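> mmCIF, C-alpha atoms (C1' of nucleotides), file upload_23.cif:
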data_upload
loop_
_atom_site.label_atom_id
_atom_site.label_comp_id
_atom_site.auth_asym_id
_atom_site.auth_seq_id
_atom_site.Cartn_x
_atom_site.Cartn_y
_atom_site.Cartn_z
CA MET A 1 112.81 96.13 96.78
CA SER A 2 110.31 94.66 94.35
CA ALA A 3 107.45 93.67 96.66
CA ASP A 4 104.21 95.52 96.11
CA PRO A 5 102.81 97.17 99.24
CA LYS A 6 99.43 95.50 98.98
CA GLY A 7 97.29 93.49 96.60
CA LYS A 8 98.00 90.36 94.59
CA ALA A 9 101.32 90.07 92.80
CA GLY A 10 101.01 91.17 89.21
CA ALA A 11 97.85 93.20 89.85
CA ARG A 12 97.89 96.99 89.43
CA PRO A 13 98.67 98.12 92.97
CA THR A 14 97.06 101.54 92.54
CA PRO A 15 94.20 101.81 90.09
CA LYS A 16 93.35 105.19 91.60
CA PRO A 17 95.38 108.33 90.86
CA MET A 18 95.79 111.08 93.43
CA GLN A 19 95.17 114.77 93.12
CA LEU A 20 97.67 116.97 94.93
CA ASP A 21 96.96 120.61 95.65
CA ASP A 22 99.60 123.29 95.25
CA VAL A 23 100.53 123.18 98.94
CA SER A 24 101.33 119.46 98.88
CA LYS A 25 103.30 119.97 95.69
CA ALA A 26 105.26 122.74 97.40
CA ILE A 27 105.94 120.49 100.38
CA ILE A 28 107.25 117.76 98.08
CA GLU A 29 109.48 120.30 96.35
CA GLN A 30 110.93 121.34 99.69
CA LEU A 31 111.75 117.74 100.53
CA GLN A 32 113.16 117.10 97.07
CA ALA A 33 115.61 119.93 97.73
CA ASP A 34 116.49 118.61 101.18
CA GLY A 35 114.90 115.53 102.69
CA ARG A 36 115.93 116.49 106.22
CA ARG A 37 114.45 119.97 106.20
CA SER A 38 112.34 120.45 109.35
CA TYR A 39 108.55 120.58 109.25
CA ALA A 40 108.68 124.05 110.83
CA GLU A 41 110.94 125.37 108.11
CA ILE A 42 108.80 123.83 105.37
CA GLY A 43 105.77 125.36 107.05
CA LYS A 44 107.29 128.82 106.80
CA ALA A 45 108.07 128.26 103.12
CA VAL A 46 104.61 127.03 102.15
CA GLY A 47 102.54 129.09 104.61
CA LEU A 48 101.28 126.39 106.95
CA SER A 49 101.78 125.42 110.59
CA GLU A 50 104.29 122.68 111.37
CA ALA A 51 101.56 120.32 112.56
CA ALA A 52 99.72 120.68 109.26
CA VAL A 53 102.90 120.05 107.28
CA ARG A 54 103.64 116.96 109.34
CA GLN A 55 100.15 115.58 108.79
CA ARG A 56 100.44 116.06 105.05
CA VAL A 57 103.91 114.51 104.88
CA GLN A 58 102.61 111.55 106.86
CA LYS A 59 99.72 111.11 104.46
CA LEU A 60 101.98 111.41 101.43
CA THR A 61 104.39 108.79 102.71
CA ASP A 62 101.70 106.44 104.05
CA SER A 63 99.85 106.50 100.74
CA GLY A 64 103.08 105.78 98.89
CA VAL A 65 103.10 108.96 96.83
CA MET A 66 106.39 110.08 98.32
CA GLN A 67 109.37 108.63 100.14
CA VAL A 68 112.35 110.34 101.77
CA VAL A 69 115.55 108.36 101.25
CA ALA A 70 119.32 108.67 101.03
CA VAL A 71 120.88 108.40 97.58
CA THR A 72 124.58 107.88 96.99
CA ASP A 73 126.93 109.02 94.25
CA PRO A 74 128.64 106.01 92.63
CA MET A 75 131.53 108.16 91.37
CA GLN A 76 132.38 109.29 94.90
CA LEU A 77 132.39 105.67 96.03
CA GLY A 78 134.87 104.65 93.36
CA PHE A 79 132.44 103.32 90.76
CA TYR A 80 133.72 105.16 87.73
CA ARG A 81 131.90 103.13 85.09
CA GLN A 82 128.14 103.11 84.71
CA ALA A 83 126.19 101.66 81.82
CA MET A 84 122.73 100.72 80.66
CA ILE A 85 122.47 97.24 79.19
CA GLY A 86 119.73 96.23 76.80
CA ILE A 87 119.01 92.51 77.04
CA ARG A 88 117.24 90.04 74.75
CA VAL A 89 115.98 86.84 76.30
CA ALA A 90 114.65 83.45 75.26
CA GLY A 91 111.66 82.23 77.27
CA ASP A 92 110.45 83.67 80.57
CA THR A 93 111.71 87.23 81.05
CA THR A 94 110.75 87.44 84.74
CA LYS A 95 113.22 84.78 85.88
CA VAL A 96 116.07 86.47 84.04
CA ALA A 97 115.11 89.87 85.44
CA GLU A 98 115.06 88.50 88.98
CA ALA A 99 118.44 86.87 88.48
CA LEU A 100 119.77 90.23 87.33
CA GLY A 101 118.28 91.86 90.40
CA ARG A 102 120.31 89.56 92.64
CA ILE A 103 123.57 90.96 91.24
CA SER A 104 124.72 93.82 93.47
CA ALA A 105 126.40 95.71 90.64
CA VAL A 106 122.98 95.91 88.97
CA ASP A 107 121.08 98.80 90.52
CA TYR A 108 118.10 98.97 88.16
CA VAL A 109 116.11 96.41 86.20
CA VAL A 110 112.95 97.02 84.20
CA LEU A 111 111.01 94.77 81.84
CA THR A 112 110.30 96.55 78.57
CA ALA A 113 108.41 96.26 75.31
CA GLY A 114 110.51 96.91 72.23
CA SER A 115 113.67 95.52 70.74
CA PHE A 116 115.01 94.72 74.21
CA ASP A 117 113.11 92.56 76.67
CA MET A 118 114.62 94.40 79.61
CA LEU A 119 117.03 97.15 80.57
CA ALA A 120 119.54 96.88 83.40
CA GLU A 121 121.67 99.69 84.79
CA VAL A 122 125.03 98.65 86.20
CA VAL A 123 127.68 100.30 88.37
CA CYS A 124 131.31 99.18 88.08
CA GLU A 125 134.68 100.29 89.33
CA ASN A 126 136.35 100.18 85.92
CA ASP A 127 136.22 98.67 82.44
CA ASP A 128 137.60 95.31 83.53
CA ASP A 129 134.83 94.98 86.09
CA LEU A 130 132.28 95.80 83.43
CA ILE A 131 133.67 93.15 81.09
CA ASN A 132 133.62 90.55 83.86
CA LEU A 133 130.12 91.53 84.92
CA LEU A 134 128.89 91.11 81.36
CA ASN A 135 130.66 87.85 80.56
CA LYS A 136 130.72 86.05 83.89
CA GLU A 137 127.45 87.20 85.41
CA ILE A 138 124.94 88.72 83.05
CA ARG A 139 125.53 86.72 79.88
CA ALA A 140 125.91 83.59 82.02
CA ILE A 141 122.27 83.78 83.12
CA GLU A 142 120.17 81.00 81.56
CA GLY A 143 118.01 82.50 78.82
CA VAL A 144 120.05 85.59 78.01
CA GLN A 145 120.47 85.64 74.24
CA SER A 146 122.21 88.93 73.58
CA THR A 147 123.19 92.17 75.29
CA GLU A 148 123.94 95.66 74.07
CA THR A 149 125.89 98.01 76.31
CA PHE A 150 125.53 101.79 76.48
CA VAL A 151 128.38 103.16 78.56
CA TYR A 152 127.49 106.39 80.36
CA LEU A 153 129.54 109.41 79.34
CA LYS A 154 127.79 112.20 81.18
CA LEU A 155 124.64 112.65 83.19
CA ILE A 156 122.63 115.64 81.98
CA LYS A 157 119.45 115.45 84.04
CA GLN A 158 118.19 113.37 86.91
CA PHE A 159 114.91 113.54 88.74
CA TYR A 160 114.08 110.96 91.35
CA ASN A 161 111.12 108.68 90.88
CA TRP A 162 110.22 105.32 92.14
CA GLY A 163 107.48 102.89 91.30
CA THR A 164 106.20 101.57 87.96
CA ARG A 165 105.27 98.27 89.47
CA MET B 166 120.32 119.99 88.08
CA SER B 167 123.36 119.60 85.90
CA ALA B 168 125.74 122.14 87.41
CA ASP B 169 128.86 120.66 88.94
CA PRO B 170 129.45 121.72 92.55
CA LYS B 171 132.94 123.03 91.95
CA GLY B 172 135.70 123.03 89.41
CA LYS B 173 135.72 123.88 85.69
CA ALA B 174 132.84 122.63 83.55
CA GLY B 175 133.76 119.39 81.86
CA ALA B 176 136.48 118.53 84.35
CA ARG B 177 136.17 115.46 86.58
CA PRO B 178 134.67 116.92 89.76
CA THR B 179 136.08 114.20 92.02
CA PRO B 180 139.27 112.50 90.91
CA LYS B 181 139.63 111.03 94.41
CA PRO B 182 137.55 108.07 95.63
CA MET B 183 136.49 107.76 99.27
CA GLN B 184 136.87 104.91 101.68
CA LEU B 185 133.91 104.37 103.99
CA ASP B 186 134.18 102.31 107.13
CA ASP B 187 131.45 99.91 108.24
CA VAL B 188 129.90 102.48 110.57
CA SER B 189 129.42 105.05 107.81
CA LYS B 190 128.02 102.34 105.58
CA ALA B 191 125.57 101.41 108.34
CA ILE B 192 124.54 105.04 108.73
CA ILE B 193 123.87 105.30 104.99
CA GLU B 194 121.80 102.12 105.15
CA GLN B 195 119.70 103.60 107.94
CA LEU B 196 119.02 106.69 105.87
CA GLN B 197 118.32 104.65 102.76
CA ALA B 198 115.58 102.90 104.73
CA ASP B 199 114.18 106.18 106.08
CA GLY B 200 115.72 109.53 105.28
CA ARG B 201 114.00 111.25 108.21
CA ARG B 202 115.21 108.90 110.93
CA SER B 203 116.67 110.90 113.82
CA TYR B 204 120.39 111.00 114.55
CA ALA B 205 119.74 109.60 118.02
CA GLU B 206 117.88 106.61 116.62
CA ILE B 207 120.56 105.96 114.03
CA GLY B 208 123.15 106.23 116.80
CA LYS B 209 121.42 103.45 118.76
CA ALA B 210 121.35 101.25 115.66
CA VAL B 211 125.01 101.70 114.77
CA GLY B 212 126.45 102.08 118.28
CA LEU B 213 127.48 105.73 118.24
CA SER B 214 126.48 108.89 120.04
CA GLU B 215 124.03 111.28 118.45
CA ALA B 216 126.69 113.96 117.91
CA ALA B 217 129.03 111.51 116.19
CA VAL B 218 126.29 110.38 113.81
CA ARG B 219 125.47 114.00 113.04
CA GLN B 220 129.11 114.81 112.28
CA ARG B 221 129.42 111.84 109.95
CA VAL B 222 126.18 112.60 108.13
CA GLN B 223 127.34 116.18 107.71
CA LYS B 224 130.62 115.03 106.24
CA LEU B 225 128.93 112.55 103.92
CA THR B 226 126.54 115.16 102.56
CA ASP B 227 129.11 117.97 102.38
CA SER B 228 131.52 115.77 100.45
CA GLY B 229 128.74 114.77 98.06
CA VAL B 230 128.86 111.06 98.82
CA MET B 231 125.27 111.03 100.03
CA GLN B 232 122.13 113.12 99.72
CA VAL B 233 118.77 112.80 101.47
CA VAL B 234 115.89 113.61 99.14
CA ALA B 235 112.22 112.94 98.50
CA VAL B 236 111.35 110.64 95.61
CA THR B 237 107.86 110.32 94.15
CA ASP B 238 105.95 107.45 92.58
CA PRO B 239 104.84 108.41 89.06
CA MET B 240 102.07 105.78 89.08
CA GLN B 241 100.49 107.30 92.18
CA LEU B 242 100.55 110.69 90.53
CA GLY B 243 98.68 109.46 87.47
CA PHE B 244 101.66 108.84 85.18
CA TYR B 245 100.83 105.37 84.02
CA ARG B 246 103.28 105.23 81.10
CA GLN B 247 107.02 105.28 81.54
CA ALA B 248 109.57 104.56 78.86
CA MET B 249 113.25 104.73 78.05
CA ILE B 250 114.03 106.33 74.72
CA GLY B 251 117.25 105.69 72.83
CA ILE B 252 118.18 108.64 70.63
CA ARG B 253 120.53 109.06 67.68
CA VAL B 254 121.70 112.56 66.89
CA ALA B 255 123.45 114.48 64.11
CA GLY B 256 126.07 116.94 65.30
CA ASP B 257 126.54 118.16 68.87
CA THR B 258 124.96 115.78 71.36
CA THR B 259 125.18 118.17 74.31
CA LYS B 260 122.75 120.71 72.88
CA VAL B 261 120.18 118.02 72.15
CA ALA B 262 120.60 116.53 75.62
CA GLU B 263 120.08 119.90 77.25
CA ALA B 264 116.97 120.53 75.16
CA LEU B 265 115.66 117.16 76.34
CA GLY B 266 116.41 118.13 79.91
CA ARG B 267 114.16 121.18 79.59
CA ILE B 268 111.13 118.96 78.89
CA SER B 269 109.38 118.27 82.20
CA ALA B 270 108.14 114.84 81.13
CA VAL B 271 111.79 113.84 80.71
CA ASP B 272 113.14 112.88 84.12
CA TYR B 273 116.49 111.39 83.13
CA VAL B 274 119.00 112.12 80.36
CA VAL B 275 122.43 110.56 79.96
CA LEU B 276 124.93 110.78 77.12
CA THR B 277 126.13 107.32 76.10
CA ALA B 278 128.62 105.50 73.94
CA GLY B 279 127.10 102.80 71.77
CA SER B 280 124.38 102.57 69.15
CA PHE B 281 122.48 105.40 70.85
CA ASP B 282 124.02 108.80 71.52
CA MET B 283 121.85 109.29 74.59
CA LEU B 284 119.11 107.72 76.66
CA ALA B 285 116.13 109.64 78.04
CA GLU B 286 113.58 108.33 80.50
CA VAL B 287 110.10 109.81 80.19
CA VAL B 288 106.99 109.84 82.35
CA CYS B 289 103.56 110.21 80.71
CA GLU B 290 99.92 109.97 81.73
CA ASN B 291 98.96 107.63 78.88
CA ASP B 292 99.86 106.42 75.39
CA ASP B 293 98.54 109.54 73.65
CA ASP B 294 100.79 111.70 75.80
CA LEU B 295 103.74 109.50 74.92
CA ILE B 296 103.01 109.79 71.19
CA ASN B 297 102.73 113.57 71.47
CA LEU B 298 105.88 113.81 73.53
CA LEU B 299 107.78 111.83 70.93
CA ASN B 300 106.46 113.56 67.84
CA LYS B 301 105.89 117.12 69.00
CA GLU B 302 108.71 117.53 71.49
CA ILE B 303 111.52 115.01 71.29
CA ARG B 304 111.67 114.33 67.55
CA ALA B 305 111.13 118.05 66.92
CA ILE B 306 114.47 118.91 68.53
CA GLU B 307 117.03 120.08 65.95
CA GLY B 308 119.55 117.32 65.37
CA VAL B 309 117.48 114.32 66.49
CA GLN B 310 117.79 111.72 63.75
CA SER B 311 115.97 108.72 65.15
CA THR B 312 114.44 107.41 68.35
CA GLU B 313 113.69 103.97 69.68
CA THR B 314 111.17 103.58 72.50
CA PHE B 315 111.22 100.94 75.23
CA VAL B 316 107.93 101.10 77.10
CA TYR B 317 108.23 100.00 80.72
CA LEU B 318 106.20 96.94 81.64
CA LYS B 319 107.36 96.22 85.16
CA LEU B 320 110.03 97.48 87.52
CA ILE B 321 112.00 94.63 89.04
CA LYS B 322 114.73 96.38 90.99
CA GLN B 323 115.59 99.95 91.90
CA PHE B 324 118.43 101.32 93.94
CA TYR B 325 118.96 105.03 94.23
CA ASN B 326 122.12 106.58 92.90
CA TRP B 327 123.02 109.94 91.66
CA GLY B 328 126.05 111.36 89.94
CA THR B 329 128.07 110.24 86.91
CA ARG B 330 128.92 113.81 86.05
"C1'" DA C 331 91.83 119.98 107.70
"C1'" DG C 332 93.58 123.68 110.30
"C1'" DT C 333 95.69 126.32 114.73
"C1'" DG C 334 97.88 127.02 119.35
"C1'" DA C 335 100.11 125.67 123.67
"C1'" DA C 336 102.79 122.85 126.73
"C1'" DA C 337 105.73 118.68 127.46
"C1'" DC C 338 108.99 116.20 125.40
"C1'" DG C 339 112.74 114.96 122.48
"C1'" DA C 340 116.00 116.19 118.84
"C1'" DC C 341 119.53 119.17 117.31
"C1'" DC C 342 123.62 122.04 117.64
"C1'" DG C 343 127.74 124.29 119.51
"C1'" DT C 344 131.34 123.92 122.58
"C1'" DA C 345 134.54 121.71 125.64
"C1'" DG C 346 137.33 118.02 126.66
"C1'" DA C 347 139.32 113.01 126.30
"C1'" DT D 348 137.09 111.34 115.96
"C1'" DC D 349 134.55 110.44 119.76
"C1'" DT D 350 131.60 111.57 124.23
"C1'" DA D 351 129.30 114.81 127.40
"C1'" DC D 352 126.36 118.52 128.39
"C1'" DG D 353 123.30 122.68 128.16
"C1'" DG D 354 120.72 125.97 125.37
"C1'" DT D 355 117.69 126.26 121.60
"C1'" DC D 356 114.54 124.78 118.43
"C1'" DG D 357 111.59 121.15 116.43
"C1'" DT D 358 108.17 117.63 117.29
"C1'" DT D 359 104.29 115.60 119.44
"C1'" DT D 360 99.92 115.37 121.63
"C1'" DC D 361 95.68 117.34 122.70
"C1'" DA D 362 91.99 120.50 123.05
"C1'" DC D 363 89.67 123.51 120.06
"C1'" DT D 364 87.91 125.61 115.63
#
Would you give me this structure, written as structure tokens?

Amino acid sequence: MSADPKGKAGARPTPKPMQLDDVSKAIIEQLQADGRRSYAEIGKAVGLSEAAVRQRVQKLTDSGVMQVVAVTDPMQLGFYRQAMIGIRVAGDTTKVAEALGRISAVDYVVLTAGSFDMLAEVVCENDDDLINLLNKEIRAIEGVQSTETFVYLKLIKQFYNWGTR
Amino acid sequence: MSADPKGKAGARPTPKPMQLDDVSKAIIEQLQADGRRSYAEIGKAVGLSEAAVRQRVQKLTDSGVMQVVAVTDPMQLGFYRQAMIGIRVAGDTTKVAEALGRISAVDYVVLTAGSFDMLAEVVCENDDDLINLLNKEIRAIEGVQSTETFVYLKLIKQFYNWGTR
DNA sequence: AGTGAAACGACCGTAGA
DNA sequence: TCTACGGTCGTTTCACT
């Protein structure tokens, strides 16, 4: 979940960018709309044979540019409270971030520059769960100095990315 | 991208939760690992026939619990700067949030309660792009009073969700 | 990096427990 | 809700461009 695919830990895993042509971009768009769409169908949409589509998808996934995965809707699973938590830390931020990552209700952790040392997104069933998560788990981590909670009211836009390692 | 599947705008789209058994959870885990895994293969892993897996996946996607999609790595596409931006607004927050959503460099917008009215995640090629995005696009939106930027240093954990509508 | 063809395997509807 | 089965379509490999 946080292991880099290759190279030393802490090193930039990909110093090289990657230039995608319009066809590869179109293929990615097809799979962003539906990750299980068949290669043949994508081929029809982008004007390529299925074999060619498959080769390009293989290359895109092998090189780590793209990934096809299942994503779930927390609301539909009974997690009615989501929030982003800004956290200020004393000492080593990495240890705190990793401790946060071990909490299952925490689905996103990123180290940041700015008035917070890190941001953590959490998923809870209700307000009581959120209070417990904050007091008993997050603020109990050694080194956590203060937290600021931004409860989610409504999602306006979401586009799936991964990376920033 | 922000249209609710059914029901009046602003209404809770799913007042009912959903109870998943262990088999459905296992199927979701399989697809979280690889969204293109075949139904037959998943069936072997979870101890079910191919048709049964297919039926359950259909139900999970139709009900909106799960979605299989492609996600891309911004770093591999040359976007070396990511940041979360906390925004304070005067007046109607929805209009500002929708204006943010129309900016392609903005991949995530959520209305929040707390010291920010909304959070926006942005993806940029470099620091100059980020400065331009902030000054020329985000802070130029009518109603934006102040912004606070948290530049991403390192992603520690990521788990894919969608929803909170 | 692309196509085309043939063998194989996955997918889908239907029937039945 | 599951398994079983047959028709159809997608995928894979390979030879070729």
> Evaluate the PyMOL selection byres ((chain A and resi 160) around 12) on the structure here and hand back the selected residues as a ChimeraX atom specification.
/A:28-29,31-33,66-71,157-159,161-163 /B:166,232-239,271-273,286-288,323-327
> What do you get, as an NGL selection string, if you spell out every residue that the PyMOL selection byres ((chain D and resi 356) around 10) selects here?
(:A and (40)) or (:C and (340-342)) or (:D and (354-355 or 357-358))
> CA of Asn132 in chain A to CA of Met84 in chain A: how many Å, to one decimal?
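Atom-to-atom, CA of Asn132 in chain A and CA of Met84 in chain A are spaced 15.2 Å apart.
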> With 6 Å as the threshold, what does the neighbourhood of (108.3, 101.6, 83.1) contain in terms of residues, counting all atoms listed in the file? Coordinates are those of the file; answer as a CSV table (one decimal) with C-alpha atoms, in the frame of the given file.

chain,number,residue,atom,x,y,z
A,164,THR,CA,106.2,101.6,88.0
B,247,GLN,CA,107.0,105.3,81.5
B,248,ALA,CA,109.6,104.6,78.9
B,317,TYR,CA,108.2,100.0,80.7
B,318,LEU,CA,106.2,96.9,81.6
B,319,LYS,CA,107.4,96.2,85.2
> Please identify every residue of chain A that has at least one atom no more than 9 Å from any atom of chain C, counting only C-alpha atoms (C1' of nucleotides), and report them as a ChimeraX atom specification.
/A:48-49,51-52
> Please evaluate the PyMOL selection byres ((chain A) within 12 of (chain D)) against the displayed coordinates and give the resulting residues as a list in words.
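When the PyMOL selection byres ((chain A) within 12 of (chain D)) is applied to the shown file, the picked residues are Arg37, Ser38, Tyr39, Ala40, Glu41, Ile42, Gly43, Glu50, Ala51, Val53, Arg54 and Gln55 of chain A.
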> Using all atoms listed in the file, which of the listed residues (A:Leu119, A:Val46, A:Leu155, A:Leu130) sits closest to chain B?
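Distance minimum relative to chain B lands on A:Leu155.
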> Nearest residue to chain B out of A:Val96, A:Ala45, A:Met75, A:Ala90, using only C-alpha atoms?
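Closest candidate: A:Met75.
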> Matching every Cα in sequence order between the two identical chains, what are the coordinates of chain A once fitted onto chain B? Write them as a short mmCIF file (atom, residue, chain, number, x, y, z; two decimals) with C-alpha atoms, keeping the file's coordinate frame.

data_model
loop_
_atom_site.label_atom_id
_atom_site.label_comp_id
_atom_site.auth_asym_id
_atom_site.auth_seq_id
_atom_site.Cartn_x
_atom_site.Cartn_y
_atom_site.Cartn_z
CA MET A 1 120.26 119.83 88.28
CA SER A 2 123.28 119.45 86.03
CA ALA A 3 125.71 121.96 87.53
CA ASP A 4 128.86 120.49 89.00
CA PRO A 5 129.51 121.52 92.61
CA LYS A 6 132.99 122.83 91.92
CA GLY A 7 135.68 122.85 89.27
CA LYS A 8 135.59 123.71 85.58
CA ALA A 9 132.70 122.45 83.49
CA GLY A 10 133.61 119.23 81.75
CA ALA A 11 136.44 118.43 84.18
CA ARG A 12 136.21 115.38 86.45
CA PRO A 13 134.69 116.90 89.58
CA THR A 14 136.10 114.23 91.90
CA PRO A 15 139.35 112.59 90.88
CA LYS A 16 139.65 111.22 94.41
CA PRO A 17 137.58 108.27 95.64
CA MET A 18 136.49 107.97 99.25
CA GLN A 19 136.89 105.11 101.66
CA LEU A 20 133.94 104.54 103.97
CA ASP A 21 134.24 102.43 107.08
CA ASP A 22 131.54 99.99 108.13
CA VAL A 23 129.94 102.51 110.50
CA SER A 24 129.43 105.12 107.78
CA LYS A 25 128.07 102.43 105.49
CA ALA A 26 125.63 101.41 108.22
CA ILE A 27 124.56 105.03 108.68
CA ILE A 28 123.91 105.36 104.95
CA GLU A 29 121.87 102.15 105.03
CA GLN A 30 119.74 103.55 107.83
CA LEU A 31 119.04 106.68 105.83
CA GLN A 32 118.36 104.69 102.67
CA ALA A 33 115.63 102.88 104.61
CA ASP A 34 114.21 106.12 105.99
CA GLY A 35 115.70 109.52 105.27
CA ARG A 36 113.96 111.13 108.23
CA ARG A 37 115.16 108.69 110.86
CA SER A 38 116.59 110.65 113.82
CA TYR A 39 120.32 110.78 114.54
CA ALA A 40 119.64 109.31 118.00
CA GLU A 41 117.85 106.32 116.54
CA ILE A 42 120.57 105.75 113.95
CA GLY A 43 123.11 106.01 116.75
CA LYS A 44 121.42 103.20 118.64
CA ALA A 45 121.40 101.05 115.50
CA VAL A 46 125.06 101.56 114.63
CA GLY A 47 126.47 101.89 118.16
CA LEU A 48 127.45 105.54 118.22
CA SER A 49 126.34 108.68 120.05
CA GLU A 50 123.93 111.02 118.27
CA ALA A 51 126.55 113.76 118.02
CA ALA A 52 128.95 111.40 116.27
CA VAL A 53 126.26 110.27 113.84
CA ARG A 54 125.37 113.87 113.06
CA GLN A 55 128.99 114.77 112.39
CA ARG A 56 129.38 111.86 110.01
CA VAL A 57 126.12 112.61 108.19
CA GLN A 58 127.23 116.21 107.82
CA LYS A 59 130.55 115.13 106.36
CA LEU A 60 128.89 112.68 103.99
CA THR A 61 126.48 115.27 102.67
CA ASP A 62 129.02 118.11 102.53
CA SER A 63 131.46 115.96 100.57
CA GLY A 64 128.70 114.98 98.16
CA VAL A 65 128.84 111.26 98.86
CA MET A 66 125.26 111.19 100.06
CA GLN A 67 122.10 113.26 99.81
CA VAL A 68 118.75 112.88 101.57
CA VAL A 69 115.85 113.72 99.25
CA ALA A 70 112.18 113.05 98.60
CA VAL A 71 111.33 110.79 95.68
CA THR A 72 107.85 110.48 94.21
CA ASP A 73 105.99 107.60 92.61
CA PRO A 74 104.84 108.57 89.09
CA MET A 75 102.09 105.92 89.12
CA GLN A 76 100.51 107.42 92.23
CA LEU A 77 100.55 110.83 90.57
CA GLY A 78 98.70 109.57 87.52
CA PHE A 79 101.67 108.97 85.23
CA TYR A 80 100.86 105.46 84.09
CA ARG A 81 103.28 105.30 81.18
CA GLN A 82 107.04 105.35 81.60
CA ALA A 83 109.60 104.60 78.93
CA MET A 84 113.28 104.76 78.11
CA ILE A 85 114.06 106.33 74.75
CA GLY A 86 117.27 105.66 72.88
CA ILE A 87 118.19 108.59 70.66
CA ARG A 88 120.54 108.98 67.69
CA VAL A 89 121.71 112.46 66.85
CA ALA A 90 123.45 114.34 64.06
CA GLY A 91 126.09 116.82 65.21
CA ASP A 92 126.54 118.11 68.76
CA THR A 93 124.96 115.74 71.28
CA THR A 94 125.19 118.16 74.22
CA LYS A 95 122.74 120.69 72.76
CA VAL A 96 120.18 117.98 72.07
CA ALA A 97 120.61 116.52 75.56
CA GLU A 98 120.09 119.93 77.14
CA ALA A 99 116.99 120.52 75.05
CA LEU A 100 115.66 117.18 76.27
CA GLY A 101 116.42 118.19 79.83
CA ARG A 102 114.17 121.23 79.48
CA ILE A 103 111.15 119.01 78.83
CA SER A 104 109.39 118.34 82.14
CA ALA A 105 108.15 114.91 81.10
CA VAL A 106 111.80 113.90 80.69
CA ASP A 107 113.16 112.99 84.11
CA TYR A 108 116.51 111.49 83.11
CA VAL A 109 119.02 112.19 80.35
CA VAL A 110 122.45 110.63 79.94
CA LEU A 111 124.96 110.82 77.10
CA THR A 112 126.14 107.36 76.12
CA ALA A 113 128.63 105.50 73.97
CA GLY A 114 127.11 102.78 71.83
CA SER A 115 124.40 102.53 69.24
CA PHE A 116 122.49 105.37 70.90
CA ASP A 117 124.04 108.76 71.54
CA MET A 118 121.87 109.30 74.59
CA LEU A 119 119.13 107.75 76.69
CA ALA A 120 116.16 109.68 78.04
CA GLU A 121 113.61 108.40 80.54
CA VAL A 122 110.12 109.86 80.20
CA VAL A 123 107.00 109.92 82.37
CA CYS A 124 103.58 110.26 80.72
CA GLU A 125 99.96 110.03 81.73
CA ASN A 126 98.98 107.67 78.93
CA ASP A 127 99.88 106.42 75.46
CA ASP A 128 98.56 109.50 73.69
CA ASP A 129 100.81 111.70 75.80
CA LEU A 130 103.75 109.49 74.95
CA ILE A 131 103.02 109.73 71.23
CA ASN A 132 102.74 113.51 71.43
CA LEU A 133 105.89 113.79 73.51
CA LEU A 134 107.80 111.77 70.92
CA ASN A 135 106.45 113.47 67.81
CA LYS A 136 105.89 117.04 68.94
CA GLU A 137 108.72 117.49 71.41
CA ILE A 138 111.52 114.97 71.24
CA ARG A 139 111.69 114.24 67.52
CA ALA A 140 111.13 117.95 66.84
CA ILE A 141 114.48 118.84 68.43
CA GLU A 142 117.03 119.97 65.83
CA GLY A 143 119.55 117.18 65.31
CA VAL A 144 117.49 114.22 66.45
CA GLN A 145 117.79 111.59 63.73
CA SER A 146 115.97 108.61 65.17
CA THR A 147 114.46 107.32 68.41
CA GLU A 148 113.70 103.89 69.77
CA THR A 149 111.20 103.54 72.59
CA PHE A 150 111.25 100.93 75.35
CA VAL A 151 107.97 101.12 77.22
CA TYR A 152 108.27 100.05 80.86
CA LEU A 153 106.23 96.99 81.81
CA LYS A 154 107.40 96.34 85.34
CA LEU A 155 110.07 97.62 87.66
CA ILE A 156 112.05 94.77 89.21
CA LYS A 157 114.79 96.56 91.13
CA GLN A 158 115.63 100.13 91.99
CA PHE A 159 118.48 101.50 94.02
CA TYR A 160 118.99 105.22 94.27
CA ASN A 161 122.14 106.80 92.94
CA TRP A 162 123.02 110.17 91.72
CA GLY A 163 126.04 111.59 89.99
CA THR A 164 128.02 110.39 86.96
CA ARG A 165 128.88 113.89 85.96
#
> Have a look at A:Met118, A:Ala105, A:Ile138, A:Val65 and name the one nearest to chain B; count only C-alpha atoms.
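Closest to chain B of all the choices is A:Val65.
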> Would you work out the distance separating CA of Val309 in chain B from CA of Gly86 in chain A, expressed in Å to one decimal?
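Computing the Euclidean distance for CA of Val309 in chain B and CA of Gly86 in chain A yields 20.9 Å.
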> Figure out the distance between CA of Leu60 in chain A and CA of Ile192 in chain B, please, to one decimal in Å.
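Distance reported for this atom pair: 24.6 Å.
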> Please identify all polymer residues within 9 Å of Gln310 in chain B, counting only C-alpha atoms (C1' of nucleotides), omitting same-chain residues fewer than 2 positions from it, and present them as a ChimeraX atom specification.
/B:252-255,304,307-308,312
> Here is a test: counting only C-alpha atoms, which residue of B:Thr259, B:Thr277, B:Ser228, B:Asn300 is nearest to chain A?
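Nearest candidate to chain A out of B:Thr259, B:Thr277, B:Ser228, B:Asn300: B:Thr277.
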> Measuring atom to atom with only C-alpha atoms, identify which of A:Leu133, A:Ala140, A:Ile156, A:Val23 is nearest to chain B.
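Under the stated criterion, the closest residue is A:Ile156.
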> Go through A:Lys95, A:Gly101, A:Ala26, A:Thr61 one by one, measure the shortest atom-to-atom distance of each to chain B using only C-alpha atoms, and give the residue with the smallest value.
A:Gly101
